[in-house]
Amino acid sequence: MEMMKVSRKTTHVLPIFLLLCLCVISGSVQVVSRQEGDIMLGALFPIHAKGSSPEGCGPLQGDDGIQPLEALHYTLDQINRDPNLLPNITLGVVAFDSCDNIVNALDQCLDFIKGTVEKSFLTRIQEEKRGQLEACSAGTATASETLAELTGIQKPVVGVIGDQSSDITIQVTSLLRIFKIPLISYQSTSPTLSDRERFAYFFRTVPSDVTQAYAILEILRNFNWTFASLVYEDSEYGVKGYETLLRLASRYGVCFGAQIRVDIKRFKTTDFDQVLGKLQSQSQSRIVVLFSGKSCAVQLMAATKRITTKNSKPLIWVGCDGWSSRDVVTTGFETIVEGAITVQPLVRHLDGFDSYFKALRPDTNIRNPWFSEYWQDFFKCRLKLEQLPKGIMPSQYSDPCKPGLQITDKRLTSVKFLQFIRDAVYAYAHALHNQWQAKCEGHAGVCEKMRNADGSVLKFYLEGASFTDQNKRVFKFYHGGDGPPRYSILNFQKHDDDSYIWKEIGSFFLGANDQPKLEIDRKVMQYRRYEKLYPNSTCKEHCDAKKGLVPYLQSNNSCCPDCKKCEPFEMIQGGHCQPCPNGFMPNENRSRCLLIDEQIIDYRNPWAAGSMAFASFGILLTLAVAFIFWRHRQTPVIKASGRELSAILLLATFCSFAMTFLIASRPTGFKCGVTRFSLGLTHTLAFAAIAVKTNRVARIFGTKKTGSTALTCPRAKYISPRSQLAITGALTLIEVFVNASWLIYQPPRTTHIFPDRYKRVLICEGMDHFTYLVGLVYPLILIGCCTVYAFQTRKCPGGFNEARYIGFTTYTTCVLWMAFIPLFLTAPTTTLRIVTLAISMSISGVVQLACLFAPKVYIVLCKPEKNTRTGVMAQHRSSSSYALATPPSIALHPLHNHQGSQLTIVNGVEVGEMLTDVASQQQRRKSIQAQHLLGASSDCEDNTMRLSPHNSELHLPDDTISESSIYTLKLKRPSKGTVHFDCEEIDVIDQQKQQQMKVGDMSNDFDSKSID
C-alpha cells in the first residue's frame, strides 16, 4: 500500500514538473494579445504573413491579421456589456500570431494546452501538492500564480477561434481534439473539415465549399439553364465542388455537358486554349460553371481573350467564391467577365467597427501589442522604442510618427469577413450562457460545476447554440459543425460611365424548415450593357430525321444529346447511325448496306502500265544480249565468261523483267503462289550462277602459301561446264525447298483489304506484311558469297577477273534492297507497294545486264582487238601474286600428265603451272625471264630482284613458240653490274648450269574449255 501511494504521488507531481520546465523554456519570449476575463478564449490569427523559413514570419498583414483581431476584441466588449448574456461573467481572450504557417501555429497551440493541463492536474491533486509548486516561487506567490506567470495563461482556455487557412486549421484542431478543446474557424471552408469522426471538436461560422454548389444549381434552375459546361481545378476545393455539383445535378434538372479538369500546376497556355476550344464546341450551351480559385480563373479569361473572335458568341460564367469579386480576375478582361453571376459567402458590415477601429491609438491600445507595428506600416513612420510594447521592433522608416495621426475612411480597407468572427465569439458566448444556466442554476458568476466541466460539455452546448446574426437571420451550426449556407449573388455589370462593378443582385439562404431559398432581383440584374436578358441554354428537343440527322451523346456530354449527320458509310437503324461492315456502303435511303465495287491492280492501271513498259524495255535488252552472246559464243571473251553460266544469268534476268507482268496482273490464288515462289527464285538463280562462276575462277587461279619443302599445284576439280551447272542447280534447289515449304505452311490465296471505309482492294494474302519477303533471305546470303569470291579473284587474268563487275552488281543490289524493303513495308497504298515490288525486280535485271554483260558486249562489239586469248590471259600485277624462294641448290624435274605440265622444286617452293596452250606459252615466255641462282641475294621489299655479277640469267628465246616446241633454258653470266628484275615477273627457278626441259605436245588432250 505504501508503494502504491508513493507511485500515485509521483504520477501527479512528475507531469507538473515537466510542464513547468516546458513552460519556462517555450514561454520566455512570446508576444501575446490579452484581454482578461472570467472565462478565457484562445485565438489564432495570421498577424504576419508566412516567412521564408518554416517557422519564420513575414511582413505584417493589416487586413487579414490586425482587423480580425480587433474585431474579436470589439465583439468581446459588446458581449461583456450585455447584461442578458453571461451576467456577471466576462469573456477574455489570449491571441497568438500563427504567421500563416503550420509549424508556428502548432507551437502557439501549446500555450492553450498548458492551461488545460494545469486545470486538469490542479483538480486531481490535493491542496498539499501545491506546496511543491510554491517552492518554485520562493514563497512570494501561490502555486496558481506561479504557474500562471510561467505559462503566460492565467486561466485555462475553454475554446479557440481561428485559423484563417484550412491547412492550418486541420492540424490545429487535430491537436486540440486530444485535449477536448473546441475550435471555431471563421474562414476555413475545406470540405474535409466536415468529417465529424476526425474533427469532432471543430466548428465554423462559414459554410463548407461544397455548400455553394446548392446555390449555383439554384441559379441554373432559376434561369432555366438545363444544359451547361463545368470546369473545375484539380485541387481539393475544385474536386469536392465538382463531385457535389455532379451528384446534385439530376435533382435540379441540370445537365453538365463538357466536364473539364484543369491542372493549374501543370497546364500551359496551349492547354488553356484547348479548354476554351472544348467549351466553344458546345453549340447548344454558352453557360460555363467555373469552380476554381482565382489563378485558374485568370488563365481561362486570358485564353478566352486570345481565342474569341468578333463572330464568337460570348460565354456566360457562373462562378464560386474562389474567384468571385476578385480584381485580379476582372482587370484587363472586363468584356470577357461581363454578365458573370457568382456566389460568395453573405457578407454584412460589422456595425460600429469602423468607428471603433479608427479611434484606436498605439498608446491606448495596450491589449494588442501588434497595433503599434500596424500603426507604423499604415502611416509609414517610426515610433520611439519606449512607445513600443515588449517584443515589437521599430519599423524601417526614418520619419518619426507625428502626434495627432488618425486612421481615415479613405485609407482604411474594409474587410468583408469580420462578421464571421463576430459569429464565432457569439457562438461561444451563447453556448457558455446555456451551460451556465444548466450548471449554475442562475447563480451569478462562474460556479464550480461550470469551472470544472471539460471541453466535451462545451462542445455539446455549441452544437445547440443559436442566435441572430448581422443579417437578422437565425444562426446555428448545421451537420454538427458547419455554418449555415449564406451566400450573396453577385453580377459583374458595366455602368454608363464604362466602369465595371460587382453588384449584389440577390442572396441564397435557408428558409423555413431549412429549405434552400434563392432571391434574385431581376430589375437590377444585367447581362450586357444593352442586353438585359440572358440567353437560353437548353437541349434541343428533336433532331430532324428528314435531313439525315440523328441524336447522339458527345463524349464530353453525358446527358444532353446533340444532332449529327451520319457518315457516308453509315446507315440509319433505330434512330442511330450504324456503320456498314468493311467493304460495304449504304444505299441512297441508308436503309441497308451494299457491297462496294472491287478495286484491283491490272494492266489498265497507270502505275502498272509504267512498270510494264520499263520491264518490256529490259526484256528487249536481255534478248539482245542473249543474241550477241550466242552469235559470238566461240570468241575468247565469251568463252572466258562461261557460256553455260552466262545463259543461266540471262535466264534469271529475263525472269526478273517478266515478273512485272505477273505482279501487275489481277491477283488469283495461282498467280499469288507463282509470285511468292518466283520472287526469291529469280534472284537465287542469278546469284547462284555468279557464286559458282567466281568460285571456279578462284580455284583455277588460286595460289598456295610458301614455306613447304615439296609442294605441287594440282589442277582444280569440278571446273567443267557440267559440274558448274550441277553446282548451280544444287544451290537453286535450296531456294526451291524454302519456297515450297513456305507455300505449304501458308497456302497462297487472295484477300481483300480496306485502306479506308470507301475502298475494297483485292490483293494476294500477305502482300501488306513483311513475311512476303521471306524468299529473299537466301538470295541475300548468296550475294555475300559472291562478294567474297569477287574479292579473291581480283588478281586473276583480265579475261577471267570480273571482281569489279561482280562487286558493282552486289553492292548495287544491296543498296536497291535497302531502299526497296523499307519502301515496300511503309508504302501507304497497295498500288504503291505492288509497283515498288515490280520496279525493284526490273531494276535488279538492269543492274545485272549493266554490270555483268555490258562490259563483254562492249568488247565484242566495239573492241574486237581485245577479244583474243592473249587479252583474256592478261595478268593483273600484284606484289603478292607469287612467292620467291632462295634455295642453295635447285633441280628442275618436268612432270607430265594428260592435260598439262607442272614444275616442282625439290627443296624450294612451287611457283606456277605451265600449260601447253599456245596463248599460255606465249604469256609464260614473256614472264619466264630470270632464275634465282645459287648465291643470289634477294630483296623484294621494294619489288625488285638483284643478281650479283657472278650469277647468271636464264631466259627463253624470243622466237615464236609453237605447240610442239622443245624449250632450252640457257645460262648467261653478266660480266659486271647487277641485273635488276621486277619481282612480279619472276615465275621459274632453275639450276646453275644448262638444263633442258622437254614439254610434250599435249595440245590434243587439252580442252580449251578448262579456262572458260
# chains A, B, ... in the order shown; residues from 1 in each chain; ligands from 1
>>> select_by_dssp(residues="region 222-284 of chain A", states="alpha helix (DSSP H)", output="list in words")
Asn222, Glu236, Tyr237, Gly238, Val239, Lys240, Gly241, Tyr242, Glu243, Thr244, Leu245, Leu246, Arg247, Leu248, Ala249, Thr269, Thr270, Asp271, Phe272, Asp273, Gln274, Val275, Leu276, Gly277, Lys278, Leu279 and Gln280 of chain A
>>> write_last_selection(atoms="N, CA and C atoms", output="tab-separated table (two decimals), in the first residue's frame")
chain	number	residue	atom	x	y	z
A	222	ASN	N	-33.14	28.63	-61.67
A	222	ASN	CA	-33.91	29.87	-61.71
A	222	ASN	C	-33.94	30.47	-63.10
A	236	GLU	N	-8.42	20.02	-53.89
A	236	GLU	CA	-9.50	19.57	-53.02
A	236	GLU	C	-10.71	20.48	-53.15
A	237	TYR	N	-10.47	21.78	-53.25
A	237	TYR	CA	-11.55	22.75	-53.39
A	237	TYR	C	-12.35	22.48	-54.67
A	238	GLY	N	-11.64	22.33	-55.79
A	238	GLY	CA	-12.34	22.13	-57.05
A	238	GLY	C	-12.97	20.76	-57.19
A	239	VAL	N	-12.26	19.71	-56.77
A	239	VAL	CA	-12.77	18.35	-56.93
A	239	VAL	C	-14.00	18.12	-56.07
A	240	LYS	N	-13.97	18.57	-54.82
A	240	LYS	CA	-15.13	18.41	-53.95
A	240	LYS	C	-16.34	19.16	-54.50
A	241	GLY	N	-16.11	20.38	-54.99
A	241	GLY	CA	-17.21	21.12	-55.59
A	241	GLY	C	-17.76	20.44	-56.82
A	242	TYR	N	-16.87	19.90	-57.66
A	242	TYR	CA	-17.30	19.20	-58.87
A	242	TYR	C	-18.13	17.97	-58.51
A	243	GLU	N	-17.67	17.20	-57.53
A	243	GLU	CA	-18.40	16.00	-57.13
A	243	GLU	C	-19.79	16.34	-56.60
A	244	THR	N	-19.89	17.42	-55.82
A	244	THR	CA	-21.19	17.82	-55.29
A	244	THR	C	-22.12	18.30	-56.40
A	245	LEU	N	-21.60	19.10	-57.31
A	245	LEU	CA	-22.42	19.56	-58.43
A	245	LEU	C	-22.92	18.39	-59.27
A	246	LEU	N	-22.06	17.44	-59.52
A	246	LEU	CA	-22.45	16.30	-60.34
A	246	LEU	C	-23.47	15.43	-59.62
A	247	ARG	N	-23.32	15.30	-58.32
A	247	ARG	CA	-24.24	14.47	-57.55
A	247	ARG	C	-25.64	15.07	-57.46
A	248	LEU	N	-25.71	16.40	-57.42
A	248	LEU	CA	-27.00	17.07	-57.25
A	248	LEU	C	-27.63	17.53	-58.56
A	249	ALA	N	-26.89	17.42	-59.68
A	249	ALA	CA	-27.37	17.99	-60.94
A	249	ALA	C	-28.71	17.41	-61.37
A	269	THR	N	-0.15	27.49	-71.52
A	269	THR	CA	-1.06	28.35	-72.26
A	269	THR	C	-1.84	27.56	-73.30
A	270	THR	N	-1.16	26.64	-73.98
A	270	THR	CA	-1.85	25.86	-75.01
A	270	THR	C	-2.93	24.97	-74.41
A	271	ASP	N	-2.70	24.49	-73.19
A	271	ASP	CA	-3.70	23.65	-72.53
A	271	ASP	C	-4.97	24.45	-72.24
A	272	PHE	N	-4.81	25.69	-71.77
A	272	PHE	CA	-5.99	26.52	-71.51
A	272	PHE	C	-6.70	26.87	-72.81
A	273	ASP	N	-5.94	27.04	-73.88
A	273	ASP	CA	-6.57	27.30	-75.17
A	273	ASP	C	-7.42	26.10	-75.61
A	274	GLN	N	-6.93	24.90	-75.33
A	274	GLN	CA	-7.71	23.71	-75.67
A	274	GLN	C	-8.97	23.62	-74.84
A	275	VAL	N	-8.88	24.02	-73.58
A	275	VAL	CA	-10.08	24.03	-72.73
A	275	VAL	C	-11.13	24.95	-73.32
A	276	LEU	N	-10.70	26.14	-73.76
A	276	LEU	CA	-11.65	27.09	-74.35
A	276	LEU	C	-12.22	26.53	-75.66
A	277	GLY	N	-11.39	25.81	-76.41
A	277	GLY	CA	-11.89	25.21	-77.64
A	277	GLY	C	-13.00	24.21	-77.37
A	278	LYS	N	-12.85	23.41	-76.31
A	278	LYS	CA	-13.89	22.46	-75.96
A	278	LYS	C	-15.16	23.17	-75.50
A	279	LEU	N	-15.00	24.25	-74.76
A	279	LEU	CA	-16.18	24.98	-74.29
A	279	LEU	C	-16.94	25.60	-75.45
A	280	GLN	N	-16.22	26.15	-76.39
A	280	GLN	CA	-16.88	26.78	-77.52
A	280	GLN	C	-17.46	25.76	-78.49
>>> residues_around(residues="region 845-847 of chain A", least_positions_apart="5", cutoff="8 Å", atoms="only C-alpha atoms", output="ChimeraX atom specification")
/A:618,653-654,656-657,809,812-813
>>> write_last_selection(atoms="N, CA, C and O atoms", output="PDB file, in the first residue's frame")
ATOM      1  N   GLY A 618      13.488  -3.796-120.593  1.00  0.00           N
ATOM      2  CA  GLY A 618      14.502  -4.691-120.042  1.00  0.00           C
ATOM      3  C   GLY A 618      14.507  -6.035-120.725  1.00  0.00           C
ATOM      4  O   GLY A 618      15.583  -6.632-120.956  1.00  0.00           O
ATOM      5  N   THR A 653      17.766 -12.989-115.454  1.00  0.00           N
ATOM      6  CA  THR A 653      17.467 -11.587-115.742  1.00  0.00           C
ATOM      7  C   THR A 653      16.153 -11.452-116.489  1.00  0.00           C
ATOM      8  O   THR A 653      15.332 -10.576-116.210  1.00  0.00           O
ATOM      9  N   PHE A 654      15.938 -12.345-117.455  1.00  0.00           N
ATOM     10  CA  PHE A 654      14.678 -12.326-118.204  1.00  0.00           C
ATOM     11  C   PHE A 654      13.488 -12.553-117.258  1.00  0.00           C
ATOM     12  O   PHE A 654      12.456 -11.881-117.366  1.00  0.00           O
ATOM     13  N   SER A 656      13.351 -11.788-114.086  1.00  0.00           N
ATOM     14  CA  SER A 656      13.164 -10.592-113.254  1.00  0.00           C
ATOM     15  C   SER A 656      12.273  -9.579-113.965  1.00  0.00           C
ATOM     16  O   SER A 656      11.376  -8.977-113.361  1.00  0.00           O
ATOM     17  N   PHE A 657      12.516  -9.400-115.257  1.00  0.00           N
ATOM     18  CA  PHE A 657      11.666  -8.471-116.018  1.00  0.00           C
ATOM     19  C   PHE A 657      10.256  -9.035-116.215  1.00  0.00           C
ATOM     20  O   PHE A 657       9.258  -8.319-116.118  1.00  0.00           O
ATOM     21  N   THR A 809      27.773  -5.261-109.032  1.00  0.00           N
ATOM     22  CA  THR A 809      26.456  -5.899-109.047  1.00  0.00           C
ATOM     23  C   THR A 809      25.926  -6.125-107.629  1.00  0.00           C
ATOM     24  O   THR A 809      24.776  -5.799-107.303  1.00  0.00           O
ATOM     25  N   THR A 812      25.329  -2.722-105.703  1.00  0.00           N
ATOM     26  CA  THR A 812      24.133  -2.039-106.199  1.00  0.00           C
ATOM     27  C   THR A 812      22.867  -2.775-105.773  1.00  0.00           C
ATOM     28  O   THR A 812      21.857  -2.163-105.403  1.00  0.00           O
ATOM     29  N   THR A 813      22.923  -4.100-105.815  1.00  0.00           N
ATOM     30  CA  THR A 813      21.757  -4.879-105.391  1.00  0.00           C
ATOM     31  C   THR A 813      21.463  -4.665-103.912  1.00  0.00           C
ATOM     32  O   THR A 813      20.300  -4.545-103.501  1.00  0.00           O
TER      33      THR A 813
END
>>> residues_around(residues="Glu448 (chain A)", least_positions_apart="6", cutoff="12 Å", atoms="only C-alpha atoms", output="list of chain:residue names")
A:Thr123, A:Trp436, A:Lys439, A:Cys440, A:Glu441
>>> write_last_selection(atoms="C-alpha atoms", output="PDB file, in the first residue's frame")
ATOM      1  CA  THR A 123      -8.254  19.417  -9.934  1.00  0.00           C
ATOM      2  CA  TRP A 436     -24.139  28.497 -17.141  1.00  0.00           C
ATOM      3  CA  LYS A 439     -24.817  24.137 -14.362  1.00  0.00           C
ATOM      4  CA  CYS A 440     -25.022  27.202 -12.151  1.00  0.00           C
ATOM      5  CA  GLU A 441     -28.827  27.300 -11.856  1.00  0.00           C
TER       6      GLU A 441
END
>>> residues_around(residues="region 67-70 of chain A", least_positions_apart="6", cutoff="8 Å", atoms="only C-alpha atoms", output="number ranges by chain")
A: 45, 95, 357, 368, 415, 418, 421
>>> write_last_selection(atoms="C-alpha atoms", output="tab-separated table (two decimals), in the first residue's frame")
chain	number	residue	atom	x	y	z
A	45	PHE	CA	-4.68	34.98	-36.39
A	95	ALA	CA	-4.45	35.62	-29.02
A	357	PHE	CA	-11.05	50.87	-35.24
A	368	ASN	CA	-2.98	44.45	-28.94
A	415	VAL	CA	-12.56	43.61	-44.51
A	418	LEU	CA	-15.39	40.25	-39.99
A	421	ILE	CA	-15.51	36.40	-36.40
>>> atom_distance(atom1="CA of Arg422 (chain A)", atom2="CA of Gly391 (chain A)")
28.4 Å
>>> closest_residue(among="A:Leu645, A:Val692, A:Ala740, A:Ala615", to="Gly673 (chain A)", atoms="only C-alpha atoms")
A:Ala740
>>> select_by_dssp(residues="region 146-388 of chain A", states="strand (DSSP E or B)", output="PyMOL selection string")
chain A and resi 157-161+183-185+202-204+227-233+255-262+287-291+316-319+341-345+382
>>> atom_distance(atom1="CA of Leu621 (chain A)", atom2="CA of Val857 (chain A)")
11.6 Å
>>> residues_around(residues="Pro484 (chain A)", least_positions_apart="3", cutoff="12 Å", atoms="only C-alpha atoms", output="ChimeraX atom specification")
/A:189,203-209,211-212,345-346,420,423,466,469,473-481,487,508-511,514-516
>>> write_last_selection(atoms="C-alpha atoms", output="PDB file, in the first residue's frame")
ATOM      1  CA  THR A 189     -14.084  26.236 -45.818  1.00  0.00           C
ATOM      2  CA  PHE A 203     -16.941  24.208 -35.834  1.00  0.00           C
ATOM      3  CA  ARG A 204     -17.022  27.037 -38.362  1.00  0.00           C
ATOM      4  CA  THR A 205     -19.202  30.041 -38.963  1.00  0.00           C
ATOM      5  CA  VAL A 206     -18.758  29.868 -42.735  1.00  0.00           C
ATOM      6  CA  PRO A 207     -20.370  27.190 -44.871  1.00  0.00           C
ATOM      7  CA  SER A 208     -18.352  24.416 -46.483  1.00  0.00           C
ATOM      8  CA  ASP A 209     -17.071  24.982 -50.003  1.00  0.00           C
ATOM      9  CA  THR A 211     -22.420  24.127 -49.928  1.00  0.00           C
ATOM     10  CA  GLN A 212     -22.188  26.800 -52.584  1.00  0.00           C
ATOM     11  CA  PRO A 345     -20.433  33.959 -48.562  1.00  0.00           C
ATOM     12  CA  LEU A 346     -23.002  36.510 -47.475  1.00  0.00           C
ATOM     13  CA  PHE A 420     -17.875  35.564 -39.272  1.00  0.00           C
ATOM     14  CA  ASP A 423     -20.496  34.878 -35.148  1.00  0.00           C
ATOM     15  CA  SER A 466     -28.384  29.708 -31.905  1.00  0.00           C
ATOM     16  CA  ASP A 469     -26.601  37.281 -36.834  1.00  0.00           C
ATOM     17  CA  ARG A 473     -31.378  35.745 -39.517  1.00  0.00           C
ATOM     18  CA  VAL A 474     -31.011  32.841 -37.125  1.00  0.00           C
ATOM     19  CA  PHE A 475     -27.530  31.420 -36.908  1.00  0.00           C
ATOM     20  CA  LYS A 476     -26.919  27.824 -35.930  1.00  0.00           C
ATOM     21  CA  PHE A 477     -24.473  25.092 -36.835  1.00  0.00           C
ATOM     22  CA  TYR A 478     -25.588  22.563 -39.441  1.00  0.00           C
ATOM     23  CA  HIS A 479     -24.474  18.959 -39.748  1.00  0.00           C
ATOM     24  CA  GLY A 480     -22.912  19.218 -36.337  1.00  0.00           C
ATOM     25  CA  GLY A 481     -20.380  21.931 -37.120  1.00  0.00           C
ATOM     26  CA  TYR A 487     -24.408  33.492 -49.919  1.00  0.00           C
ATOM     27  CA  PHE A 508     -29.171  32.398 -51.042  1.00  0.00           C
ATOM     28  CA  PHE A 509     -30.025  31.105 -47.568  1.00  0.00           C
ATOM     29  CA  LEU A 510     -32.029  28.503 -45.748  1.00  0.00           C
ATOM     30  CA  GLY A 511     -35.654  29.490 -45.246  1.00  0.00           C
ATOM     31  CA  ASP A 514     -34.285  24.655 -43.533  1.00  0.00           C
ATOM     32  CA  GLN A 515     -35.206  24.632 -47.210  1.00  0.00           C
ATOM     33  CA  PRO A 516     -32.798  26.459 -49.567  1.00  0.00           C
TER      34      PRO A 516
END
>>> closest_residue(among="A:Pro314, A:Pro779, A:Pro400, A:Pro87", to="His443 (chain A)", atoms="only C-alpha atoms")
A:Pro87
>>> atom_distance(atom1="CA of Ala854 (chain A)", atom2="CA of Gly680 (chain A)")
24.1 Å
